[in-house]
Every structure is written in C-alpha cells, then in structure tokens.
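Peer 1: Sharing model02.cif, mmCIF, C-alpha atoms and all ligand atoms:
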```cif
data_my_file
#
loop_
_atom_site.label_atom_id
_atom_site.label_comp_id
_atom_site.auth_asym_id
_atom_site.auth_seq_id
_atom_site.Cartn_x
_atom_site.Cartn_y
_atom_site.Cartn_z
CA MET U 1154 -16.27 -13.25 4.74
CA ASP U 1155 -14.33 -16.36 5.72
CA THR U 1156 -12.48 -15.34 8.89
CA THR U 1157 -10.37 -18.49 8.88
CA LEU U 1158 -8.42 -17.26 5.83
CA PRO U 1159 -5.16 -15.32 6.34
CA ILE U 1160 -6.42 -12.21 4.51
CA SER U 1161 -9.80 -10.52 4.07
CA PHE U 1162 -11.08 -7.87 1.67
CA ASP U 1163 -10.54 -5.25 4.41
CA ASP U 1164 -6.84 -6.10 4.46
CA VAL U 1165 -6.63 -5.51 0.71
CA ALA U 1166 -8.63 -2.26 0.98
CA ARG U 1167 -6.33 -0.97 3.76
CA ALA U 1168 -3.30 -1.96 1.71
CA HIS U 1169 -4.72 0.05 -1.17
CA GLN U 1170 -4.82 3.16 1.03
CA ARG U 1171 -1.29 2.48 2.29
CA ILE U 1172 0.24 2.27 -1.20
CA ALA U 1173 -1.69 5.26 -2.62
CA GLY U 1174 0.79 7.75 -4.08
CA VAL U 1175 3.59 5.15 -3.95
CA ALA U 1176 2.55 2.46 -6.44
CA HIS U 1177 1.21 3.64 -9.81
CA ARG U 1178 -2.43 3.12 -10.65
CA THR U 1179 -1.49 1.28 -13.85
CA PRO U 1180 -3.48 1.61 -17.07
CA VAL U 1181 -6.07 -0.90 -18.29
CA LEU U 1182 -5.71 -1.42 -22.06
CA ARG U 1183 -7.97 -2.98 -24.67
CA SER U 1184 -7.20 -4.50 -28.08
CA ARG U 1185 -9.76 -5.04 -30.85
CA THR U 1186 -7.46 -7.65 -32.37
CA ALA U 1187 -7.24 -9.59 -29.10
CA ASP U 1188 -11.02 -9.39 -28.64
CA ALA U 1189 -11.55 -10.63 -32.20
CA LEU U 1190 -9.11 -13.53 -31.70
CA THR U 1191 -10.91 -14.72 -28.58
CA GLY U 1192 -14.53 -13.60 -28.97
CA ALA U 1193 -14.33 -12.04 -25.50
CA GLN U 1194 -13.95 -8.51 -24.11
CA LEU U 1195 -10.45 -8.43 -22.68
CA PHE U 1196 -9.18 -5.87 -20.16
CA PHE U 1197 -5.40 -5.92 -19.73
CA LYS U 1198 -4.16 -4.57 -16.37
CA CYS U 1199 -0.68 -3.34 -17.25
CA GLU U 1200 1.57 -3.99 -14.26
CA ASN U 1201 4.48 -4.11 -16.73
CA GLN U 1202 4.18 -0.32 -16.42
CA GLN U 1203 4.25 -0.41 -12.61
CA ARG U 1204 7.15 1.07 -10.62
CA VAL U 1205 10.06 -1.44 -10.68
CA GLY U 1206 8.35 -2.97 -13.72
CA ALA U 1207 6.05 -5.41 -11.90
CA PHE U 1208 3.20 -5.54 -9.38
CA LYS U 1209 5.53 -6.57 -6.53
CA ILE U 1210 6.01 -3.02 -5.22
CA ARG U 1211 2.41 -3.25 -3.96
CA GLY U 1212 3.04 -6.13 -1.56
CA ALA U 1213 6.56 -5.09 -0.60
CA TYR U 1214 5.54 -1.57 0.37
CA ASN U 1215 2.43 -2.79 2.20
CA ALA U 1216 4.59 -5.15 4.28
CA ILE U 1217 7.48 -2.82 5.18
CA ALA U 1218 5.13 0.09 5.92
CA GLN U 1219 3.71 -2.00 8.77
CA PHE U 1220 7.09 -2.64 10.45
CA THR U 1221 7.46 -1.68 14.13
CA PRO U 1222 10.21 0.87 14.93
CA GLU U 1223 12.35 -2.07 16.09
CA GLN U 1224 11.88 -3.91 12.77
CA ARG U 1225 12.66 -0.73 10.83
CA ALA U 1226 15.92 -0.41 12.72
CA GLY U 1227 16.87 -4.06 12.06
CA GLY U 1228 16.21 -3.91 8.31
CA VAL U 1229 14.49 -6.25 5.85
CA VAL U 1230 15.86 -9.38 4.16
CA THR U 1231 14.39 -11.46 1.34
CA PHE U 1232 15.11 -13.89 -1.50
CA SER U 1233 13.90 -13.41 -5.05
CA SER U 1234 14.62 -14.17 -8.69
CA GLY U 1235 14.35 -10.46 -9.31
CA ASN U 1236 11.09 -8.55 -9.27
CA HIS U 1237 10.38 -8.95 -5.55
CA ALA U 1238 14.02 -8.05 -4.92
CA GLN U 1239 13.66 -4.73 -6.73
CA ALA U 1240 10.36 -4.09 -5.02
CA ILE U 1241 11.78 -4.70 -1.53
CA ALA U 1242 14.81 -2.56 -2.36
CA LEU U 1243 12.67 0.38 -3.55
CA ALA U 1244 10.05 0.09 -0.80
CA ALA U 1245 12.76 -0.13 1.86
CA SER U 1246 14.58 2.92 0.52
CA LEU U 1247 11.32 4.92 0.37
CA LEU U 1248 10.67 4.01 4.01
CA GLY U 1249 14.26 4.54 5.19
CA VAL U 1250 14.85 0.84 5.97
CA LYS U 1251 18.04 -1.11 5.11
CA ALA U 1252 17.48 -4.04 2.68
CA THR U 1253 19.44 -7.25 1.98
CA VAL U 1254 18.42 -9.45 -0.98
CA VAL U 1255 19.49 -13.06 -1.67
CA MET U 1256 19.31 -13.52 -5.44
CA PRO U 1257 20.23 -16.37 -7.83
CA HIS U 1258 23.65 -15.99 -9.49
CA ASP U 1259 21.95 -16.28 -12.91
CA ALA U 1260 19.27 -13.64 -12.28
CA ALA U 1261 18.80 -11.14 -15.12
CA ALA U 1262 21.59 -8.56 -15.05
CA THR U 1263 19.09 -5.71 -15.22
CA LYS U 1264 17.26 -7.05 -12.17
CA ARG U 1265 20.42 -7.33 -10.09
CA ALA U 1266 21.63 -3.89 -11.16
CA ALA U 1267 18.26 -2.31 -10.41
CA THR U 1268 18.15 -3.93 -6.96
CA GLU U 1269 21.61 -2.61 -6.12
CA GLY U 1270 20.67 0.73 -7.66
CA TYR U 1271 17.95 1.14 -5.04
CA GLY U 1272 20.60 0.72 -2.36
CA ALA U 1273 20.06 -2.92 -1.34
CA GLN U 1274 22.91 -5.31 -0.57
CA VAL U 1275 22.73 -8.33 -2.95
CA LEU U 1276 24.04 -11.80 -1.98
CA GLY U 1277 24.13 -14.58 -4.64
CA TYR U 1278 23.01 -18.26 -4.46
CA ASP U 1279 22.66 -21.24 -6.85
CA ARG U 1280 18.98 -21.59 -7.77
CA TYR U 1281 19.26 -25.29 -8.69
CA ARG U 1282 21.32 -26.41 -5.65
CA GLU U 1283 20.75 -24.12 -2.64
CA ASP U 1284 17.69 -23.31 -0.54
CA PRO U 1285 17.31 -19.52 -0.42
CA GLU U 1286 14.82 -19.70 2.45
CA ALA U 1287 17.41 -21.31 4.71
CA ILE U 1288 20.03 -18.71 3.75
CA VAL U 1289 17.59 -15.90 4.53
CA ARG U 1290 16.52 -17.45 7.85
CA ALA U 1291 20.12 -17.65 8.98
CA LEU U 1292 20.79 -14.04 7.99
CA ALA U 1293 17.67 -12.85 9.80
CA GLU U 1294 18.75 -14.61 13.01
CA GLU U 1295 22.35 -13.44 12.86
CA ARG U 1296 21.57 -9.83 12.03
CA GLY U 1297 18.12 -9.16 13.54
CA MET U 1298 16.46 -8.52 10.20
CA THR U 1299 12.80 -9.18 9.33
CA VAL U 1300 12.07 -11.60 6.47
CA ILE U 1301 9.55 -10.49 3.87
CA PRO U 1302 9.18 -13.45 1.49
CA PRO U 1303 8.07 -12.98 -2.14
CA PHE U 1304 4.56 -14.38 -1.71
CA ASP U 1305 3.83 -16.34 1.46
CA HIS U 1306 3.00 -13.47 3.82
CA PRO U 1307 -0.45 -11.96 4.51
CA HIS U 1308 0.78 -8.36 4.05
CA VAL U 1309 2.40 -9.23 0.73
CA MET U 1310 -0.71 -11.09 -0.47
CA ALA U 1311 -3.00 -8.21 0.54
CA GLY U 1312 -0.77 -5.70 -1.24
CA GLN U 1313 -0.81 -7.66 -4.50
CA GLY U 1314 -4.61 -7.78 -4.40
CA THR U 1315 -4.82 -3.99 -4.69
CA LEU U 1316 -4.46 -4.20 -8.46
CA ALA U 1317 -7.74 -6.13 -8.68
CA ILE U 1318 -9.50 -3.35 -6.73
CA GLU U 1319 -8.23 -0.82 -9.29
CA LEU U 1320 -9.16 -3.02 -12.24
CA ILE U 1321 -12.74 -3.65 -11.10
CA GLU U 1322 -13.23 -0.03 -10.02
CA GLU U 1323 -12.18 1.05 -13.50
CA VAL U 1324 -14.01 -1.40 -15.76
CA GLY U 1325 -16.85 -2.67 -13.55
CA ALA U 1326 -17.73 -6.22 -12.58
CA LEU U 1327 -15.87 -8.88 -14.56
CA ASP U 1328 -17.09 -12.35 -15.52
CA VAL U 1329 -13.59 -13.78 -15.27
CA LEU U 1330 -10.27 -12.66 -13.75
CA ILE U 1331 -7.03 -14.40 -14.76
CA THR U 1332 -3.57 -13.91 -13.24
CA PRO U 1333 -0.18 -15.63 -13.41
CA VAL U 1334 0.75 -17.96 -10.54
CA GLY U 1335 4.16 -18.50 -9.02
CA GLY U 1336 3.79 -18.95 -5.29
CA GLY U 1337 0.25 -17.59 -5.36
CA GLY U 1338 0.65 -14.20 -3.68
CA LEU U 1339 -0.72 -12.33 -6.69
CA LEU U 1340 -3.58 -14.75 -7.27
CA SER U 1341 -4.61 -15.04 -3.61
CA GLY U 1342 -4.70 -11.25 -3.15
CA CYS U 1343 -6.56 -10.64 -6.41
CA ALA U 1344 -9.03 -13.45 -5.67
CA THR U 1345 -9.77 -11.92 -2.25
CA ALA U 1346 -10.52 -8.53 -3.82
CA ALA U 1347 -12.47 -9.88 -6.79
CA ARG U 1348 -14.62 -12.27 -4.75
CA HIS U 1349 -15.79 -9.30 -2.66
CA LEU U 1350 -16.23 -6.69 -5.42
CA ALA U 1351 -17.59 -9.01 -8.12
CA PRO U 1352 -18.96 -12.08 -6.34
CA ARG U 1353 -19.93 -13.89 -9.56
CA CYS U 1354 -16.49 -13.42 -11.14
CA ALA U 1355 -14.72 -16.70 -11.94
CA ILE U 1356 -11.05 -16.63 -10.93
CA TYR U 1357 -8.26 -18.56 -12.65
CA GLY U 1358 -4.51 -18.80 -12.29
CA VAL U 1359 -2.02 -19.73 -15.00
CA GLU U 1360 1.37 -21.34 -14.46
CA PRO U 1361 4.07 -22.74 -16.76
CA GLU U 1362 3.50 -26.29 -18.03
CA ALA U 1363 7.00 -27.23 -16.81
CA GLY U 1364 6.06 -26.40 -13.20
CA ASN U 1365 2.38 -27.03 -12.46
CA ASP U 1366 2.84 -27.31 -8.69
CA ALA U 1367 -0.08 -24.98 -7.92
CA GLN U 1368 -2.40 -27.05 -10.10
CA GLN U 1369 -1.24 -30.22 -8.33
CA SER U 1370 -1.54 -28.60 -4.91
CA LEU U 1371 -5.13 -27.52 -5.54
CA ALA U 1372 -6.04 -30.97 -6.86
CA ARG U 1373 -4.58 -32.68 -3.79
CA GLY U 1374 -5.57 -30.08 -1.21
CA GLU U 1375 -2.04 -29.90 0.16
CA ILE U 1376 1.24 -28.30 -0.81
CA VAL U 1377 3.02 -30.24 -3.56
CA ARG U 1378 6.73 -29.39 -3.91
CA ILE U 1379 8.53 -29.77 -7.24
CA ASP U 1380 12.11 -29.25 -8.44
CA THR U 1381 12.82 -25.77 -9.77
CA PRO U 1382 11.16 -25.90 -13.20
CA HIS U 1383 13.07 -25.00 -16.36
CA THR U 1384 10.89 -22.41 -18.10
CA VAL U 1385 11.22 -19.01 -19.75
CA ALA U 1386 8.82 -17.75 -17.08
CA ASP U 1387 11.63 -16.94 -14.64
CA ALA U 1388 9.39 -15.06 -12.18
CA ALA U 1389 7.19 -18.16 -11.74
CA GLN U 1390 9.91 -20.70 -10.93
CA SER U 1391 8.74 -21.11 -7.34
CA ARG U 1392 8.87 -24.73 -6.15
CA SER U 1393 5.56 -24.66 -4.28
CA VAL U 1394 2.70 -22.45 -3.19
CA GLY U 1395 2.76 -21.28 0.42
CA ARG U 1396 1.01 -22.22 3.63
CA HIS U 1397 -0.73 -18.83 3.63
CA THR U 1398 -1.53 -18.72 -0.08
CA LEU U 1399 -2.85 -22.29 -0.47
CA PRO U 1400 -5.94 -21.91 1.78
CA VAL U 1401 -6.96 -18.75 -0.06
CA LEU U 1402 -6.45 -20.41 -3.44
CA ARG U 1403 -8.49 -23.43 -2.32
CA ALA U 1404 -11.33 -21.27 -1.04
CA LEU U 1405 -11.58 -18.73 -3.84
CA VAL U 1406 -9.99 -19.92 -7.08
CA ASP U 1407 -11.97 -21.81 -9.73
CA GLY U 1408 -9.00 -23.46 -11.40
CA ILE U 1409 -5.39 -23.36 -12.57
CA VAL U 1410 -4.41 -23.93 -16.19
CA THR U 1411 -0.97 -24.20 -17.77
CA VAL U 1412 0.74 -22.89 -20.91
CA SER U 1413 3.94 -23.88 -22.73
CA ASP U 1414 7.04 -21.73 -23.17
CA ALA U 1415 6.26 -21.51 -26.90
CA GLN U 1416 2.84 -20.05 -26.10
CA LEU U 1417 4.46 -17.51 -23.78
CA VAL U 1418 6.84 -16.40 -26.51
CA GLU U 1419 4.00 -16.10 -29.07
CA THR U 1420 2.14 -13.91 -26.58
CA MET U 1421 5.20 -11.72 -25.95
CA LYS U 1422 5.38 -11.17 -29.70
CA PHE U 1423 1.70 -10.27 -29.85
CA PHE U 1424 2.05 -7.61 -27.15
CA ALA U 1425 5.14 -6.10 -28.76
CA ALA U 1426 3.84 -6.13 -32.32
CA ARG U 1427 0.16 -5.35 -31.84
CA MET U 1428 -0.11 -3.41 -28.58
CA LYS U 1429 3.41 -1.89 -28.41
CA LEU U 1430 3.86 -3.40 -24.95
CA LEU U 1431 7.02 -4.98 -23.52
CA VAL U 1432 5.83 -7.83 -21.29
CA GLU U 1433 8.22 -10.31 -19.69
CA PRO U 1434 7.59 -14.05 -20.26
CA THR U 1435 6.01 -14.58 -16.83
CA GLY U 1436 3.87 -11.51 -17.36
CA CYS U 1437 2.37 -13.22 -20.43
CA LEU U 1438 1.05 -16.30 -18.56
CA ALA U 1439 -2.58 -15.17 -18.16
CA ALA U 1440 -2.86 -13.76 -21.66
CA ALA U 1441 -1.20 -16.84 -23.19
CA ALA U 1442 -3.85 -19.08 -21.64
CA VAL U 1443 -6.54 -16.89 -23.18
CA PHE U 1444 -4.93 -16.83 -26.64
CA ALA U 1445 -4.37 -20.61 -26.48
CA HIS U 1446 -8.10 -21.07 -25.69
CA LYS U 1447 -7.42 -22.86 -22.41
CA LEU U 1448 -10.63 -21.44 -20.93
CA GLU U 1449 -14.16 -20.96 -22.31
CA LEU U 1450 -14.41 -17.16 -22.51
CA ARG U 1451 -16.61 -16.41 -25.54
CA GLY U 1452 -18.87 -13.39 -24.88
CA LYS U 1453 -17.36 -12.74 -21.44
CA ARG U 1454 -15.77 -9.70 -19.83
CA VAL U 1455 -12.31 -10.89 -18.84
CA GLY U 1456 -9.67 -9.17 -16.70
CA ILE U 1457 -6.12 -10.25 -17.56
CA VAL U 1458 -3.15 -9.31 -15.41
CA LEU U 1459 0.05 -8.50 -17.31
CA SER U 1460 2.17 -8.91 -14.22
CA GLY U 1461 5.55 -7.50 -15.28
CA GLY U 1462 7.81 -6.16 -17.99
CA ASN U 1463 11.33 -6.84 -16.76
CA VAL U 1464 13.22 -8.66 -19.48
CA ASP U 1465 16.71 -7.79 -20.75
CA LEU U 1466 16.42 -6.47 -24.29
CA ALA U 1467 19.01 -9.00 -25.51
CA ARG U 1468 16.97 -11.84 -23.99
CA PHE U 1469 13.77 -10.40 -25.42
CA ALA U 1470 15.38 -10.26 -28.87
CA ALA U 1471 16.66 -13.85 -28.59
CA LEU U 1472 13.25 -15.14 -27.49
CA VAL U 1473 11.27 -13.44 -30.26
CA ALA U 1474 13.85 -14.05 -33.03
C1 LIG O 1 6.32 -12.64 -8.81
C2 LIG O 1 5.74 -12.62 -10.15
C3 LIG O 1 4.71 -13.48 -10.54
C4 LIG O 1 4.18 -14.56 -9.63
O1 LIG O 1 3.60 -14.03 -8.45
P1 LIG O 1 3.31 -14.98 -7.19
O2 LIG O 1 2.78 -14.05 -6.17
O3 LIG O 1 4.60 -15.61 -6.79
O4 LIG O 1 2.34 -16.01 -7.63
C5 LIG O 1 4.18 -13.33 -11.80
N1 LIG O 1 4.65 -12.42 -12.67
C6 LIG O 1 5.65 -11.57 -12.34
C7 LIG O 1 6.12 -10.61 -13.36
C8 LIG O 1 6.23 -11.64 -11.08
O5 LIG O 1 7.23 -10.81 -10.77
#
```
Now that the file is in, can you turn its structure into structure tokens?
Peer 2:
Amino acid sequence: MDTTLPISFDDVARAHQRIAGVAHRTPVLRSRTADALTGAQLFFKCENQQRVGAFKIRGAYNAIAQFTPEQRAGGVVTFSSGNHAQAIALAASLLGVKATVVMPHDAAATKRAATEGYGAQVLGYDRYREDPEAIVRALAEERGMTVIPPFDHPHVMAGQGTLAIELIEEVGALDVLITPVGGGGLLSGCATAARHLAPRCAIYGVEPEAGNDAQQSLARGEIVRIDTPHTVADAAQSRSVGRHTLPVLRALVDGIVTVSDAQLVETMKFFAARMKLLVEPTGCLAAAAVFAHKLELRGKRVGIVLSGGNVDLARFAALVA
C-alpha cells in the first residue's frame, strides 16, 4: 500500500460498510451481442440503476456520514452539474443535515427538480462564465457550512470506489476495469479498490474527446486546466482533475482514452435497443471506448462502469433520433 496517496483500500472498504443498506448493490449485466462485437467478456456494472440514478450517492453519503456534530449543525454545500447535487441532497436528508447546492442555470430540469425534491436549496450560476468553487467557498464562510466537492475529496473518492469492490466480489478478478472520468473521483476510488482486489487488473479511464484534460494531466504529471468542454457528456464537463485525484490516477491508472459525442450517442442507442437500459451520455463513456475498439480487449474479462442514467426523456429522444 502506498501511504503517500490520499486514500487506501481500507478507506474504500470502510466506506463500503458505511453505505451498506443506503446505496443499492447495483446489478452486473452481460450481453452476448456486446461480447460478440468486441471478442471480450464484458461485465456492465449498472450504476444507472443506483439511487438518484448515478454512483454519486456512494461518495456523498460516505462524506456526510463522517461529519462532526458541529458540521452536521452547519449543513453541507456543494456545486454540481446535477448528479452529485442529487446525491448530496439525498444523503443530507437521510442524515438529517441541511444541504445547499450551486447548480448551472442550464442543468437538466429533472436534475434540478430532483435536487429540490430531496429538500436541498438550489442556487444557479453560469457554467461558461462563473467559477462555482468560488461561489461555494464564499457561502461556506458566510454560513458555516462544510463543502463536499463532487470529486476532489478523499471521502468522496473512497465512496465511489465501493462499486469496484462489489463488481469484483461478484464476478471475480478482472483483466481490465474501465470507468468514465470527469474530475477523477470515480476512477481514483475504483482504481484503489481494483488494484488491491485484482492486482493484475489494468485500469483505464475514458473522457470526452472535447475535454481530454485528464489525459493531458497524466501525460504532463500535473493538473492541466481547460475551458468547460462542449460535449453531450454533461456529467464529465469538469475543467480539471483534482489535487487529491491526480496522484491516485498517476499511481494506479494505466491510461486514459477519449471518445467522440457521436460514439456516445451510438452507445446510448445500443443500451436502449439491445439491453433495454437507459444510460445517460456520460454513463456511456467507458462502454463507448470498448465498442469503438480504443483498447485491445480481445479474450479479456472486462469490467465496464455504466455510471449513470439521468437524462431527460426529451433530450434522450433528440439525441437518438
Ligand atoms: C460525476 C459523474 C461522472 C464523472 O465522475 P468523476 O468522479 O467526476 O470523474 C461520470 N458519470 C456520471 C454519470 C457522473 O455523474
């Protein structure tokens, strides 16, 4: 174990105990058609069927559950394009903590409504002009709230990794594990779990072509910031990886590949038509890389994270039309 990294396998294992009975143990699905198309054995971990429709409840609950009584009294504040927002709102309400969420004005209507539905206060910002981190920092100072960011926090990262524990427990050691990458919370947590449970497993992240900041950051060994990318993968529009996620990605991840928006849409169609699954564009990143043959997977046992399923039906229809 590398003790210089911000999270260890024990952190992920403890998170897994903390979220038991709160987050769903999501199903792992197979598809003969997908296996035939790729020549690999694919195991799809279906976090589109998770509570709040994405894996983010894992990290959010793991973080708020560790608040001190003082932090619980002050409440939690965060920024998010949607899925983390809903996760913080639900986790906070389950734990009796007040939540405030700073969300882009153009966030999906379903995401905003769901966040408010869980009892959180939602404040809007312009995702192409304003810095949500600064808005949140100011709110935290003024109102004594604790910031739980969407990815760059050890408790969030450890929580996200719990899905890799479940996946490997269920299907056995994998040759390859592939997850989407936004800010790297999901990938860093999953890599930490997989490296421990299946030491020979290769670990890859996939991000949108329009915003390959994680790929650039790994190549340079330092955080590369980009402008907010224009992509259908709205849950992976982060402008950079984090100072906590980058060292874990550097230590444990074998590579980052990218896919186009068109490949994401093709993959969304595949899941709907062939597997009867509603997967949001960002949730298709890992699978799209596999279907587009971005990695050499023939004959391998491959875990693929379908990270979320939150897409307005009207938007889904427009994308697949
Ligand atoms: C947040 C999110 C991601 C990206 O996760 P990071 O931890 O930011 O890398 C991918 N897919 C979905 C559905 C998400 O909500």
Peer 1: Any chance you could tabulate, as CSV, the residues of chain U at most 8 Å from ligand LIG 1 (chain O) with each one's nearest atom pair and distance in Å to one decimal, using all atoms listed in the file, in chain and rising number order?
Peer 2:
```
residue,atom,partner,partner_atom,distance
U:Asn1201,CA,O:LIG1,C7,7.5
U:Gly1206,CA,O:LIG1,C7,8.0
U:Ala1207,CA,O:LIG1,C7,5.4
U:Phe1208,CA,O:LIG1,O5,6.8
U:Lys1209,CA,O:LIG1,O5,6.2
U:Gly1235,CA,O:LIG1,O5,7.3
U:Asn1236,CA,O:LIG1,O5,4.7
U:His1237,CA,O:LIG1,O5,6.4
U:Pro1303,CA,O:LIG1,O3,6.4
U:Phe1304,CA,O:LIG1,O2,4.8
U:Met1310,CA,O:LIG1,O2,7.3
U:Gln1313,CA,O:LIG1,O2,7.5
U:Thr1332,CA,O:LIG1,C5,7.9
U:Pro1333,CA,O:LIG1,C5,5.2
U:Val1334,CA,O:LIG1,O4,3.8
U:Gly1335,CA,O:LIG1,O4,3.4
U:Gly1336,CA,O:LIG1,O3,3.7
U:Gly1337,CA,O:LIG1,O4,3.5
U:Gly1338,CA,O:LIG1,O2,3.3
U:Leu1339,CA,O:LIG1,O2,3.9
U:Leu1340,CA,O:LIG1,O4,6.1
U:Ser1341,CA,O:LIG1,O2,7.9
U:Ala1388,CA,O:LIG1,C8,4.8
U:Ala1389,CA,O:LIG1,C4,5.1
U:Ser1391,CA,O:LIG1,O3,6.9
U:Val1394,CA,O:LIG1,O4,7.8
U:Glu1433,CA,O:LIG1,C7,6.7
U:Pro1434,CA,O:LIG1,C7,7.8
U:Thr1435,CA,O:LIG1,N1,4.9
U:Gly1436,CA,O:LIG1,C7,4.7
U:Leu1438,CA,O:LIG1,N1,7.9
U:Leu1459,CA,O:LIG1,C7,7.5
U:Ser1460,CA,O:LIG1,C7,4.4
U:Gly1461,CA,O:LIG1,C7,3.7
U:Gly1462,CA,O:LIG1,C7,6.6
U:Asn1463,CA,O:LIG1,C7,7.3
```
Peer 1: Here's a test: counting all atoms listed in the file, identify every protein, DNA and RNA residue with an atom at most 12 Å from (19.4, -4.8, -2.5) in the file's coordinate frame, and state them as number ranges by chain.
Peer 2: U: 1228-1233, 1235-1246, 1250-1256, 1264-1277
Peer 1: Can you work out the spacing between CA of Ala1470 in chain U and CA of Arg1427 in chain U in Å, to one decimal?
Peer 2: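 Value for the CA of Ala1470 in chain U-CA of Arg1427 in chain U distance: 16.3 Å.
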Peer 1: Near Leu1320 in chain U, within 10 Å and counting all atoms listed in the file, which residues show up once chain neighbours fewer than 3 positions away are dropped, as a VMD selection string?
Peer 2: chain U and resid 1178 to 1181 1196 to 1199 1315 to 1317 1323 to 1327 1330 1343 1347 1456 to 1458
Peer 1: For each of U:Phe1423, U:Pro1361, U:Thr1263, U:Thr1411, take the minimum atom-to-atom distance to His1446 in chain U, counting all atoms listed in the file, then give the residue where this is smallest.
Peer 2: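 Looking only at the distances to His1446 in chain U, the closest residue turns out to be U:Thr1411.
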Peer 1: Any idea what the distance is between CA of Arg1373 in chain U and CA of Asp1414 in chain U?
Peer 2: 25.1 Å
Peer 1: Nearest to Gln1202 in chain U: which of U:Val1432, U:His1258, U:Arg1167, U:Ala1442 is it, counting only C-alpha atoms?
Peer 2: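 With only C-alpha atoms as the atom set, the closest residue is U:Val1432.
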Peer 1: Using all atoms listed in the file, find the one residue out of U:Ala1386, U:Ile1331, U:Ala1311, U:Val1410 that sits nearest to Arg1454 in chain U.
Peer 2: U:Ile1331
Peer 1: Give the answer as one residue: which of U:His1308, U:Lys1447, U:Arg1468, U:Lys1453 has the shortest atom-to-atom distance to Asn1215 in chain U, using only C-alpha atoms?
Peer 2: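 Smallest separation from Asn1215 in chain U among the options: U:His1308.
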Peer 1: For a test of reading the model, state the distance in Å between CA of Leu1430 in chain U and CA of Leu1190 in chain U, rounded to one decimal.
Peer 2: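 CA of Leu1430 in chain U sits 17.8 Å away from CA of Leu1190 in chain U.
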Peer 1: Please determine, counting all atoms listed in the file, which residue among U:Leu1448, U:Ala1260, U:Ala1189, U:Val1300 has the shortest atom-to-atom distance to Ala1216 in chain U.
Peer 2: U:Val1300
Peer 1: Given all atoms listed in the file as the basis, pick out the residue of U:Ala1440, U:Cys1354, U:Leu1466, U:Met1428 nearest to Thr1186 in chain U.
Peer 2: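 Distance minimum relative to Thr1186 in chain U lands on U:Met1428.
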Peer 1: Residues near Ala1372 in chain U, anyone? I mean within 10 Å using all atoms listed in the file, not counting same-chain ones fewer than 4 positions away, as a ChimeraX atom specification.
Peer 2: /U:1366-1368,1376-1377,1403,1408-1409
Peer 1: Once 4 Å is added on each side, what centre and edge lengths in Å to one decimal does the axis-aligned box around all listed atoms of range 1424-1434 of chain U have, as lines of an AutoDock Vina configuration file?
Peer 2:
```
center_x = 4.1
center_y = -8.0
center_z = -26.0
size_x = 16.3
size_y = 20.2
size_z = 20.6
```
Peer 1: Taking 6 positions as the minimum chain separation for residues in the same chain, which residues sit within 8 Å of Arg1392 in chain U when counting all atoms listed in the file? Answer as a ChimeraX atom specification.
Peer 2: /U:1336,1364,1366,1378-1382
Peer 1: Residues within 8 Å of Leu1450 in chain U, please, as a ChimeraX atom specification. Count all atoms listed in the file; anything in the same chain fewer than 6 positions from it doesn't count.
Peer 2: /U:1191-1193,1443
Peer 1: Which polymer residues have any atom within 10 Å of an atom of Val1473 in chain U, counting only C-alpha atoms, with same-chain residues fewer than 5 positions away left out, as a list of chain:residue names?
Peer 2: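 Counting only the stated atoms, we get U:Val1418, U:Glu1419, U:Thr1420, U:Met1421, U:Lys1422, U:Ala1425, U:Arg1468.
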